[in-house]
>>> print(open('structure-v8.csv').read())   # CSV, C-alpha atoms
chain,number,residue,atom,x,y,z
L,1,MET,CA,41.4,10.0,-10.5
L,2,LYS,CA,42.2,6.4,-11.3
L,3,THR,CA,39.4,3.8,-11.1
L,4,LYS,CA,41.6,0.8,-10.0
L,5,PHE,CA,39.3,0.1,-7.0
L,6,LEU,CA,36.3,-0.5,-9.3
L,7,MET,CA,38.2,-2.5,-11.9
L,8,THR,CA,39.7,-5.4,-10.0
L,9,ALA,CA,36.8,-7.7,-10.7
L,10,LEU,CA,38.5,-8.7,-14.0
L,11,GLY,CA,41.4,-10.1,-12.0
L,12,GLY,CA,38.9,-11.9,-9.8
L,13,VAL,CA,37.6,-13.7,-12.8
L,14,ALA,CA,41.0,-15.1,-13.7
L,15,VAL,CA,41.6,-16.2,-10.1
L,16,GLY,CA,38.1,-17.7,-9.9
L,17,ALA,CA,39.0,-19.9,-12.8
L,18,MET,CA,42.0,-21.3,-10.8
L,19,VAL,CA,39.7,-21.9,-7.8
L,20,ALA,CA,37.3,-23.8,-10.0
L,21,SER,CA,40.1,-26.1,-11.1
L,22,GLY,CA,41.1,-26.8,-7.5
L,23,ALA,CA,44.3,-24.8,-7.7
L,24,MET,CA,43.4,-22.6,-4.7
L,25,ALA,CA,41.4,-22.8,-1.5
L,26,GLN,CA,40.5,-20.4,1.2
L,27,GLU,CA,43.6,-19.5,3.2
L,28,VAL,CA,42.8,-16.4,5.3
L,29,THR,CA,39.7,-15.4,7.3
L,30,LEU,CA,39.5,-11.8,8.5
L,31,ARG,CA,37.0,-10.5,11.0
L,32,LEU,CA,35.7,-7.0,10.2
L,33,HIS,CA,34.2,-5.2,13.2
L,34,GLN,CA,32.2,-1.9,13.2
L,35,PHE,CA,29.6,-0.1,15.2
L,36,LEU,CA,26.6,0.4,12.8
L,37,PRO,CA,23.8,-2.1,12.0
L,38,ALA,CA,24.5,-4.1,8.9
L,39,GLN,CA,21.8,-2.4,6.9
L,40,ALA,CA,23.1,1.2,7.5
L,41,ASN,CA,24.7,3.0,4.6
L,42,VAL,CA,28.4,2.6,5.3
L,43,PRO,CA,28.2,-1.2,6.0
L,44,ALA,CA,25.9,-1.8,3.1
L,45,LEU,CA,27.3,0.6,0.5
L,46,VAL,CA,31.0,0.8,1.4
L,47,LEU,CA,32.3,-2.0,3.7
L,48,ASP,CA,30.3,-4.9,2.1
L,49,VAL,CA,31.3,-3.7,-1.4
L,50,TRP,CA,34.9,-3.5,-0.4
L,51,ALA,CA,34.9,-6.9,1.3
L,52,ASP,CA,33.0,-8.6,-1.5
L,53,GLN,CA,35.5,-7.3,-4.0
L,54,VAL,CA,38.5,-8.4,-2.0
L,55,GLU,CA,37.0,-11.9,-1.7
L,56,GLU,CA,36.3,-12.1,-5.4
L,57,ALA,CA,39.7,-10.8,-6.4
L,58,SER,CA,41.3,-13.4,-4.2
L,59,GLY,CA,39.3,-16.2,-5.8
L,60,GLY,CA,38.0,-17.2,-2.4
L,61,ARG,CA,41.3,-17.4,-0.7
L,62,ILE,CA,40.3,-14.5,1.5
L,63,GLU,CA,37.1,-14.6,3.5
L,64,ILE,CA,36.0,-11.5,5.4
L,65,GLU,CA,33.5,-12.1,8.2
L,66,ARG,CA,31.4,-9.0,9.0
L,67,TYR,CA,30.5,-8.2,12.5
L,68,PRO,CA,28.2,-5.1,12.7
L,69,SER,CA,26.9,-3.3,15.8
L,70,MET,CA,29.9,-4.2,18.0
L,71,GLN,CA,29.1,-8.0,17.9
L,72,LEU,CA,32.6,-8.9,18.9
L,73,GLY,CA,32.1,-6.9,22.1
L,74,GLY,CA,33.3,-3.6,23.5
L,75,SER,CA,32.2,-0.1,22.7
L,76,PRO,CA,32.9,2.0,19.6
L,77,PRO,CA,35.7,4.0,21.2
L,78,GLU,CA,37.5,0.7,21.7
L,79,LEU,CA,37.6,-0.3,18.1
L,80,MET,CA,41.0,1.1,17.3
L,81,ASP,CA,42.6,-0.7,20.2
L,82,GLN,CA,40.8,-3.9,19.0
L,83,ALA,CA,42.6,-3.6,15.7
L,84,VAL,CA,45.9,-2.9,17.5
L,85,ASP,CA,45.5,-5.8,19.9
L,86,GLY,CA,44.0,-8.3,17.4
L,87,VAL,CA,40.6,-8.6,19.0
L,88,ALA,CA,39.4,-7.9,15.4
L,89,ASP,CA,41.5,-8.2,12.2
L,90,ILE,CA,39.9,-5.1,10.6
L,91,VAL,CA,37.9,-2.3,12.1
L,92,TRP,CA,36.0,0.7,10.6
L,93,THR,CA,35.9,3.5,13.1
L,94,VAL,CA,35.6,7.2,13.7
L,95,VAL,CA,39.1,8.6,14.4
L,96,GLY,CA,37.6,11.1,16.9
L,97,TYR,CA,36.4,8.3,19.2
L,98,THR,CA,40.0,8.5,20.5
L,99,PRO,CA,40.5,12.3,20.7
L,100,GLY,CA,44.0,13.5,20.7
L,101,ARG,CA,45.5,10.2,19.6
L,102,PHE,CA,45.8,11.0,15.9
L,103,PRO,CA,46.1,14.8,15.9
L,104,SER,CA,47.0,15.4,12.3
L,105,THR,CA,43.7,14.0,11.0
L,106,GLU,CA,41.8,16.8,12.8
L,107,VAL,CA,42.8,19.1,9.9
L,108,PHE,CA,39.8,17.6,8.1
L,109,GLU,CA,37.5,18.1,11.1
L,110,LEU,CA,38.0,21.8,11.5
L,111,PRO,CA,34.8,23.8,11.1
L,112,PHE,CA,34.1,25.0,7.5
L,113,MET,CA,37.3,23.3,6.2
L,114,VAL,CA,35.8,20.8,3.8
L,115,ALA,CA,33.5,21.5,0.8
L,116,ASP,CA,33.6,18.1,-1.0
L,117,ALA,CA,33.9,14.6,0.6
L,118,ARG,CA,35.7,13.1,-2.4
L,119,ALA,CA,38.3,15.8,-2.6
L,120,ALA,CA,38.8,15.7,1.2
L,121,SER,CA,39.1,11.9,1.2
L,122,CYS,CA,41.7,12.0,-1.5
L,123,ALA,CA,43.6,14.7,0.4
L,124,TYR,CA,43.4,12.7,3.6
L,125,TRP,CA,44.9,9.5,2.0
L,126,THR,CA,47.6,11.6,0.3
L,127,MET,CA,48.5,13.4,3.5
L,128,TYR,CA,48.5,10.1,5.4
L,129,GLU,CA,51.1,8.7,3.0
L,130,GLU,CA,53.1,12.0,3.2
L,131,SER,CA,53.1,12.7,6.9
L,132,MET,CA,50.7,10.7,9.0
L,133,GLN,CA,52.1,7.2,8.9
L,134,GLU,CA,54.0,7.5,12.2
L,135,GLU,CA,50.7,8.3,14.0
L,136,PHE,CA,49.1,5.2,12.6
L,137,SER,CA,52.1,2.9,12.9
L,138,ALA,CA,50.3,0.6,15.3
L,139,VAL,CA,47.9,-0.5,12.5
L,140,HIS,CA,47.9,-1.1,8.7
L,141,LEU,CA,45.6,1.4,7.1
L,142,LEU,CA,43.4,0.3,4.3
L,143,GLY,CA,41.3,3.5,3.8
L,144,THR,CA,40.9,7.1,5.0
L,145,TRP,CA,37.8,9.2,4.3
L,146,VAL,CA,35.3,11.8,5.5
L,147,HIS,CA,31.5,11.9,5.3
L,148,GLY,CA,29.3,14.5,3.6
L,149,PRO,CA,28.5,17.8,5.3
L,150,GLY,CA,28.0,17.6,9.0
L,151,MET,CA,25.0,19.7,10.2
L,152,PHE,CA,22.6,20.3,13.1
L,153,HIS,CA,19.4,18.3,13.7
L,154,THR,CA,17.5,20.0,16.6
L,155,ALA,CA,14.2,20.2,18.4
L,156,ASP,CA,14.2,24.0,18.0
L,157,PRO,CA,15.4,25.9,14.8
L,158,VAL,CA,19.0,26.9,14.5
L,159,GLU,CA,20.1,29.6,12.1
L,160,VAL,CA,22.7,31.7,14.0
L,161,PRO,CA,25.1,30.6,16.7
L,162,SER,CA,23.1,32.2,19.5
L,163,ASP,CA,20.1,29.9,18.7
L,164,LEU,CA,22.2,27.0,20.2
L,165,GLU,CA,22.5,28.7,23.6
L,166,GLY,CA,21.3,26.4,26.4
L,167,MET,CA,20.8,23.4,24.2
L,168,GLN,CA,22.3,19.9,24.9
L,169,ILE,CA,23.8,18.8,21.6
L,170,ARG,CA,25.7,15.6,20.8
L,171,GLY,CA,29.0,16.7,19.3
L,172,GLY,CA,30.6,14.6,16.6
L,173,SER,CA,34.2,15.4,17.5
L,174,ARG,CA,36.5,17.2,19.9
L,175,LEU,CA,36.5,20.3,17.6
L,176,VAL,CA,32.7,20.2,17.2
L,177,ASN,CA,32.4,20.2,21.0
L,178,GLN,CA,34.6,23.3,21.1
L,179,LEU,CA,32.3,25.0,18.6
L,180,LEU,CA,29.2,24.1,20.7
L,181,GLU,CA,30.8,25.5,23.8
L,182,LEU,CA,31.6,28.8,22.0
L,183,THR,CA,27.9,29.1,21.0
L,184,GLY,CA,26.7,28.5,24.6
L,185,ALA,CA,25.4,25.0,24.0
L,186,THR,CA,26.4,22.1,26.1
L,187,PRO,CA,28.3,19.4,24.1
L,188,VAL,CA,27.4,15.8,25.0
L,189,GLY,CA,29.8,13.1,23.9
L,190,MET,CA,28.4,9.8,22.8
L,191,PRO,CA,28.9,7.3,20.0
L,192,VAL,CA,26.5,7.6,17.1
L,193,PRO,CA,24.4,4.4,18.0
L,194,ALA,CA,23.4,6.1,21.3
L,195,VAL,CA,21.8,9.1,19.6
L,196,THR,CA,18.4,7.6,19.0
L,197,GLU,CA,17.6,6.8,22.6
L,198,ALA,CA,19.1,10.1,23.9
L,199,LEU,CA,16.9,12.1,21.6
L,200,SER,CA,13.8,10.0,22.3
L,201,ARG,CA,14.3,10.4,26.1
L,202,GLY,CA,14.9,14.1,25.8
L,203,VAL,CA,18.5,13.8,27.1
L,204,LEU,CA,19.6,15.7,23.9
L,205,ASP,CA,18.0,18.7,22.3
L,206,GLY,CA,19.8,17.8,19.1
L,207,THR,CA,22.8,16.2,17.4
L,208,THR,CA,25.5,16.9,14.8
L,209,ILE,CA,25.6,14.2,12.1
L,210,PRO,CA,25.5,14.2,8.3
L,211,TRP,CA,22.2,13.5,6.5
L,212,GLU,CA,23.1,10.0,5.4
L,213,VAL,CA,23.0,8.4,8.9
L,214,THR,CA,19.8,10.1,10.0
L,215,ALA,CA,17.6,7.4,8.6
L,216,ALA,CA,19.3,4.6,10.5
L,217,LEU,CA,19.0,6.6,13.7
L,218,ARG,CA,15.4,7.7,13.0
L,219,VAL,CA,16.5,11.3,13.6
L,220,PRO,CA,13.9,13.0,11.4
L,221,GLU,CA,11.2,11.3,13.4
L,222,LEU,CA,12.6,12.6,16.7
L,223,VAL,CA,13.4,16.2,15.8
L,224,GLU,CA,11.8,18.5,13.3
L,225,ASN,CA,14.6,21.0,12.4
L,226,HIS,CA,17.7,20.5,10.3
L,227,THR,CA,20.3,23.2,9.6
L,228,GLU,CA,22.6,22.8,6.6
L,229,PHE,CA,25.2,25.2,5.2
L,230,GLU,CA,25.9,26.5,1.7
L,231,GLY,CA,29.5,26.0,0.5
L,232,ASN,CA,31.9,24.5,3.1
L,233,ALA,CA,30.4,22.1,5.6
L,234,LEU,CA,30.0,23.0,9.2
L,235,TYR,CA,32.3,20.1,9.9
L,236,THR,CA,33.2,16.6,8.8
L,237,LEU,CA,34.5,13.6,10.7
L,238,THR,CA,37.4,11.4,9.7
L,239,PHE,CA,37.2,7.6,9.4
L,240,VAL,CA,39.7,4.9,8.9
L,241,LEU,CA,39.5,1.3,7.8
L,242,ALA,CA,42.4,-0.2,9.9
L,243,MET,CA,43.9,-3.7,10.0
L,244,ASN,CA,45.9,-5.5,12.7
L,245,ASN,CA,49.6,-5.3,11.7
L,246,GLU,CA,50.2,-9.0,12.6
L,247,ALA,CA,47.2,-10.2,10.6
L,248,TYR,CA,48.5,-8.3,7.6
L,249,ALA,CA,52.0,-9.6,8.0
L,250,ALA,CA,50.9,-13.2,8.3
L,251,MET,CA,49.2,-13.1,4.8
L,252,PRO,CA,51.0,-14.5,1.8
L,253,GLU,CA,52.5,-11.7,-0.3
L,254,ASP,CA,50.1,-12.2,-3.2
L,255,LEU,CA,47.1,-11.9,-0.9
L,256,GLN,CA,48.7,-8.8,0.7
L,257,GLN,CA,48.9,-7.4,-2.8
L,258,ILE,CA,45.2,-8.1,-3.5
L,259,LEU,CA,44.3,-6.3,-0.3
L,260,ASP,CA,46.5,-3.4,-1.2
L,261,ASP,CA,45.1,-3.2,-4.7
L,262,ASN,CA,41.6,-2.9,-3.4
L,263,SER,CA,42.6,-0.3,-0.7
L,264,GLY,CA,44.3,3.1,-0.5
L,265,LEU,CA,43.5,6.2,-2.5
L,266,ASP,CA,40.9,5.0,-4.9
L,267,PHE,CA,39.0,3.1,-2.2
L,268,SER,CA,39.1,6.1,0.1
L,269,VAL,CA,37.6,8.4,-2.6
L,270,PHE,CA,35.0,5.8,-3.3
L,271,ALA,CA,34.1,5.5,0.4
L,272,GLY,CA,33.9,9.2,1.0
L,273,GLY,CA,31.9,9.9,-2.1
L,274,THR,CA,29.5,7.0,-1.6
L,275,GLN,CA,28.8,8.1,1.9
L,276,ALA,CA,28.2,11.7,0.7
L,277,ASP,CA,25.9,10.5,-2.1
L,278,ALA,CA,23.7,8.8,0.5
L,279,ASP,CA,22.9,12.3,1.9
L,280,GLY,CA,20.3,13.0,-0.8
L,281,PRO,CA,17.8,10.2,-0.1
L,282,ALA,CA,18.0,10.8,3.7
L,283,ARG,CA,17.4,14.5,3.2
L,284,GLU,CA,14.4,13.7,1.0
L,285,ALA,CA,12.9,11.5,3.7
L,286,ALA,CA,13.0,14.5,6.1
L,287,VAL,CA,11.3,16.6,3.5
L,288,GLU,CA,8.6,14.0,3.1
L,289,LEU,CA,7.9,14.1,6.8
L,290,GLY,CA,7.4,17.9,6.5
L,291,ASN,CA,10.4,18.8,8.7
L,292,ASN,CA,11.8,22.3,8.7
L,293,ILE,CA,15.1,22.5,6.7
L,294,ILE,CA,17.1,25.7,7.2
L,295,THR,CA,19.9,26.5,4.8
L,296,VAL,CA,22.4,29.0,6.1
L,297,ASP,CA,23.7,31.0,3.1
L,298,ALA,CA,27.3,31.8,2.6
L,299,ALA,CA,26.9,35.4,3.7
L,300,THR,CA,25.3,34.5,7.0
L,301,ALA,CA,28.0,31.8,7.6
L,302,GLU,CA,30.7,34.3,7.0
L,303,ALA,CA,29.2,37.0,9.2
L,304,GLU,CA,27.7,35.0,12.0
L,305,TRP,CA,29.6,31.6,12.2
L,306,LEU,CA,33.1,32.1,11.0
L,307,PRO,CA,34.0,34.6,13.8
L,308,VAL,CA,32.8,32.0,16.3
L,309,VAL,CA,35.0,29.3,15.0
L,310,GLN,CA,38.2,31.2,14.5
L,311,PRO,CA,39.4,30.6,18.0
L,312,ILE,CA,39.2,26.8,17.3
L,313,TYR,CA,41.7,27.2,14.5
L,314,ASP,CA,44.0,29.3,16.7
L,315,THR,CA,43.8,26.8,19.6
L,316,TRP,CA,44.3,23.8,17.4
L,317,ILE,CA,47.4,25.2,15.8
L,318,ALA,CA,48.8,26.0,19.2
L,319,ASP,CA,48.0,22.6,20.5
L,320,LEU,CA,49.7,20.8,17.6
L,321,ALA,CA,52.8,23.1,18.0
L,322,GLU,CA,53.2,21.6,21.5
L,323,GLN,CA,53.5,18.2,19.8
L,324,ASN,CA,56.0,19.5,17.3
L,325,ILE,CA,53.4,19.4,14.5
L,326,ASP,CA,52.9,22.4,12.2
L,327,GLY,CA,49.2,22.7,12.1
L,328,GLN,CA,49.1,25.7,9.7
L,329,ALA,CA,51.2,23.6,7.3
L,330,LEU,CA,48.6,20.8,7.5
L,331,ILE,CA,45.8,23.3,6.8
L,332,ASP,CA,47.7,24.8,3.8
L,333,ARG,CA,48.5,21.3,2.4
L,334,ALA,CA,44.9,20.1,2.8
L,335,GLN,CA,43.5,23.2,1.1
L,336,GLU,CA,46.1,22.9,-1.7
L,337,LEU,CA,45.2,19.3,-2.4
L,338,MET,CA,41.4,19.8,-2.1
L,339,GLY,CA,41.6,22.8,-4.5
L,340,GLY,CA,44.1,21.1,-6.9
L,341,GLN,CA,45.0,17.5,-7.7
L,342,CYS,CA,42.1,16.1,-5.5
L,343,ALA,CA,39.4,18.5,-6.9
L,344,GLY,CA,36.8,17.3,-9.4
>>> encode(input="structure-v8.csv", output="C-alpha cells")
Amino acid sequence: MKTKFLMTALGGVAVGAMVASGAMAQEVTLRLHQFLPAQANVPALVLDVWADQVEEASGGRIEIERYPSMQLGGSPPELMDQAVDGVADIVWTVVGYTPGRFPSTEVFELPFMVADARAASCAYWTMYEESMQEEFSAVHLLGTWVHGPGMFHTADPVEVPSDLEGMQIRGGSRLVNQLLELTGATPVGMPVPAVTEALSRGVLDGTTIPWEVTAALRVPELVENHTEFEGNALYTLTFVLAMNNEAYAAMPEDLQQILDDNSGLDFSVFAGGTQADADGPAREAAVELGNNIITVDAATAEAEWLPVVQPIYDTWIADLAEQNIDGQALIDRAQELMGGQCAG
C-alpha cells in the first residue's frame, strides 16, 4: 500500500516557503461538519490530522474550519444533504444514516463480512471508483472507510442469538436492525450521540457500536457486558468524507490537486485503520472497570449466528436486484479485494 497520504508534508514545506515570502495567501475556507465531540477519536485522530495536513500542504491557502457536534445545525441524518446543498462544504457521516440511498455500500455492512478495517476500507474506495460513483454523484468524495469490529454492549450477557430476545437494542444500520429482529430483539434507531442518554434512562438495554467510540459515550459505565466475535466482525458501518460539488469546482486547480493528493485510497486506509486501532485502549478501559467481556469463538459463531444472518444476505441480494444492482457480484468483489490486493 502506498504511503502518499502520510508523505505530503514535504510538499507543504516548499509551499510554506512561498507563503513566507508573501507569494501566497489564504484563498479558500472550507467548513467541515460532523456529529461527534471534537475530542472523540475520529475527529481528533482522523479528521483533524487530515485537515491539518491539507492546510500545511497548501501553505495556508486552504483553511478548514472544524464544526463538531452538529454546530452548524441540523441532525446527523441530515449531514449528507448538507454537503449536497452547501450548508457545509465537507461532512463526515455514517452512510447508513440515510438508509437505502447508497445501496452498494451496504456490502461492507453485511453481518460477518469484514475481518479487517484497513482491508475493507481499501476495498471500499476501490469499489467506489469501479462502480459506486453514480450513487455518489451529488457530492465529491474524499474518503471511504469502515470502523473496527462492531459488537454488542448490553445490560445482560449475550453469547447466542436467543440471549437478545426481548431486548431493546440500538442498531447501527438497516442490516443490523434486521439481525436484531431475527433474534427477537427490538431494534431502536438513533444516531450515536443519543446512545448515552438512552442507556442512562433505561430506554435501551444495549447498543451495537465498536469499542473505539464507547469511551466518548461512557458506555462501559452504563452497561457491564460486552460481546465480541473472533474472526469476522458481527458488522461494520460505512463512512464517507464528502464535499460539496460546487465548493470543490470553485477551487483553483492546484488546490484541487492538493485536496485530491491528501484524499482517496491512502487516506481511506489510514482512516479505517486509525479508527480500528483505537479499539484497544477503549477495550482496556472496560477491563479496568471490571466489566464482563464475552468472546464468541468461531465455532459458536458458525453454529449459532451464521444461520440467523443468512436470510439478511438473501434479502439484500434480492433488494438490490430490484434496483438493477448485482449484489452477489458486489459480495464477490469485496471478498476478492479484501483477501487479495487490499490484504495485509
>>> closest_residue(input="structure-v8.csv", among="L:Gly172, L:Pro68, L:Gly272, L:Gly264", to="Tyr128 in chain L", atoms="all atoms listed in the file")
L:Gly264
>>> residues_around(input="structure-v8.csv", residues="Thr196 in chain L", least_positions_apart="2", cutoff="9 Å", atoms="all atoms listed in the file", output="MDAnalysis selection string")
chainID L and resid 192:194 198:201 217:219 222
>>> atom_distance(input="structure-v8.csv", atom1="CA of Asp319 in chain L", atom2="CA of Thr236 in chain L")
19.8 Å
>>> residues_around(input="structure-v8.csv", residues="Val54 in chain L", least_positions_apart="2", cutoff="10 Å", atoms="all atoms listed in the file", output="list in words")
Phe5, Thr8, Ala9, Gly12, Asp48, Val49, Trp50, Ala51, Asp52, Glu56, Ala57, Ser58, Gly59, Gly60, Arg61, Ile62, Glu63, Ile64, Leu255, Ile258, Leu259, Asp260, Asp261, Asn262 and Ser263 of chain L
>>> atom_distance(input="structure-v8.csv", atom1="CA of Leu234 in chain L", atom2="CA of Gly148 in chain L")
10.2 Å
>>> atom_distance(input="structure-v8.csv", atom1="CA of Ile209 in chain L", atom2="CA of Gln323 in chain L")
29.2 Å
>>> residues_around(input="structure-v8.csv", residues="Phe229 in chain L", least_positions_apart="6", cutoff="10 Å", atoms="only C-alpha atoms", output="list in words")
Phe112, Pro149, Gly150, Met151, Phe152, Glu159, Tyr235, Ile294, Thr295, Val296, Asp297, Ala298, Thr300 and Ala301 of chain L
>>> residues_around(input="structure-v8.csv", residues="His147 in chain L", least_positions_apart="6", cutoff="8 Å", atoms="all atoms listed in the file", output="list in words")
Ala117, Pro210, Thr236, Leu237, Thr238, Gly272, Gly273, Gln275 and Ala276 of chain L
>>> closest_residue(input="structure-v8.csv", among="L:Gly344, L:Pro307, L:Gly327, L:Gly339", to="Pro111 in chain L", atoms="only C-alpha atoms")
L:Pro307
>>> closest_residue(input="structure-v8.csv", among="L:Phe108, L:Gly206, L:Gln71, L:Leu179", to="Thr315 in chain L", atoms="all atoms listed in the file")
L:Leu179
>>> closest_residue(input="structure-v8.csv", among="L:Gln256, L:Ser173, L:Thr214, L:Gln335", to="Arg283 in chain L", atoms="all atoms listed in the file")
L:Thr214
>>> residues_around(input="structure-v8.csv", residues="Pro76 in chain L", least_positions_apart="3", cutoff="9 Å", atoms="all atoms listed in the file", output="PDB file with C-alpha atoms, in the frame of the given file")
ATOM      1  CA  GLN L  34      32.200  -1.900  13.200  1.00  0.00           C
ATOM      2  CA  PHE L  35      29.600  -0.100  15.200  1.00  0.00           C
ATOM      3  CA  SER L  69      26.900  -3.300  15.800  1.00  0.00           C
ATOM      4  CA  MET L  70      29.900  -4.200  18.000  1.00  0.00           C
ATOM      5  CA  LEU L  79      37.600  -0.300  18.100  1.00  0.00           C
ATOM      6  CA  MET L  80      41.000   1.100  17.300  1.00  0.00           C
ATOM      7  CA  THR L  93      35.900   3.500  13.100  1.00  0.00           C
ATOM      8  CA  VAL L  94      35.600   7.200  13.700  1.00  0.00           C
ATOM      9  CA  TYR L  97      36.400   8.300  19.200  1.00  0.00           C
ATOM     10  CA  PRO L 191      28.900   7.300  20.000  1.00  0.00           C
ATOM     11  CA  VAL L 192      26.500   7.600  17.100  1.00  0.00           C
ATOM     12  CA  PRO L 193      24.400   4.400  18.000  1.00  0.00           C
TER      13      PRO L 193
END
>>> closest_residue(input="structure-v8.csv", among="L:Ile169, L:Ala242, L:Pro161, L:Gly86", to="Thr183 in chain L", atoms="only C-alpha atoms")
L:Pro161
>>> closest_residue(input="structure-v8.csv", among="L:Ser104, L:Thr227, L:Gln133, L:Asn177", to="Leu320 in chain L", atoms="only C-alpha atoms")
L:Ser104
>>> decode(input="structure-v8.csv", residues="range 135-149 of chain L", atoms="N, CA and C atoms", output="mmCIF file, in the first residue's frame")
data_model
loop_
_atom_site.group_PDB
_atom_site.id
_atom_site.type_symbol
_atom_site.label_atom_id
_atom_site.label_comp_id
_atom_site.auth_asym_id
_atom_site.auth_seq_id
_atom_site.Cartn_x
_atom_site.Cartn_y
_atom_site.Cartn_z
ATOM 1 N N GLU L 135 -23.789 6.553 -7.633
ATOM 2 C CA GLU L 135 -24.576 6.701 -6.410
ATOM 3 C C GLU L 135 -24.168 7.950 -5.646
ATOM 4 N N PHE L 136 -22.908 8.346 -5.759
ATOM 5 C CA PHE L 136 -22.392 9.494 -5.012
ATOM 6 C C PHE L 136 -22.165 10.715 -5.903
ATOM 7 N N SER L 137 -22.846 10.781 -7.040
ATOM 8 C CA SER L 137 -22.589 11.861 -7.985
ATOM 9 C C SER L 137 -22.964 13.238 -7.437
ATOM 10 N N ALA L 138 -23.810 13.296 -6.408
ATOM 11 C CA ALA L 138 -24.247 14.581 -5.856
ATOM 12 C C ALA L 138 -23.193 15.227 -4.968
ATOM 13 N N VAL L 139 -22.097 14.494 -4.672
ATOM 14 C CA VAL L 139 -21.025 15.031 -3.842
ATOM 15 C C VAL L 139 -19.680 14.622 -4.436
ATOM 16 N N HIS L 140 -18.616 15.242 -3.935
ATOM 17 C CA HIS L 140 -17.246 14.872 -4.304
ATOM 18 C C HIS L 140 -16.667 14.104 -3.113
ATOM 19 N N LEU L 141 -16.441 12.811 -3.287
ATOM 20 C CA LEU L 141 -15.953 12.000 -2.167
ATOM 21 C C LEU L 141 -14.455 12.187 -1.967
ATOM 22 N N LEU L 142 -14.075 12.306 -0.704
ATOM 23 C CA LEU L 142 -12.682 12.454 -0.308
ATOM 24 C C LEU L 142 -12.147 11.203 0.376
ATOM 25 N N GLY L 143 -13.028 10.433 1.006
ATOM 26 C CA GLY L 143 -12.605 9.219 1.687
ATOM 27 C C GLY L 143 -13.776 8.304 1.963
ATOM 28 N N THR L 144 -13.497 7.002 2.010
ATOM 29 C CA THR L 144 -14.499 5.980 2.327
ATOM 30 C C THR L 144 -13.849 4.973 3.258
ATOM 31 N N TRP L 145 -14.486 4.670 4.381
ATOM 32 C CA TRP L 145 -13.876 3.680 5.274
ATOM 33 C C TRP L 145 -14.899 3.030 6.175
ATOM 34 N N VAL L 146 -14.446 2.004 6.891
ATOM 35 C CA VAL L 146 -15.263 1.316 7.887
ATOM 36 C C VAL L 146 -14.529 1.350 9.223
ATOM 37 N N HIS L 147 -15.281 1.112 10.294
ATOM 38 C CA HIS L 147 -14.661 1.068 11.621
ATOM 39 C C HIS L 147 -14.198 -0.348 11.962
ATOM 40 N N GLY L 148 -13.623 -0.498 13.151
ATOM 41 C CA GLY L 148 -13.261 -1.819 13.631
ATOM 42 C C GLY L 148 -14.501 -2.640 13.951
ATOM 43 N N PRO L 149 -14.320 -3.849 14.474
ATOM 44 C CA PRO L 149 -15.448 -4.763 14.638
ATOM 45 C C PRO L 149 -16.594 -4.177 15.453
#
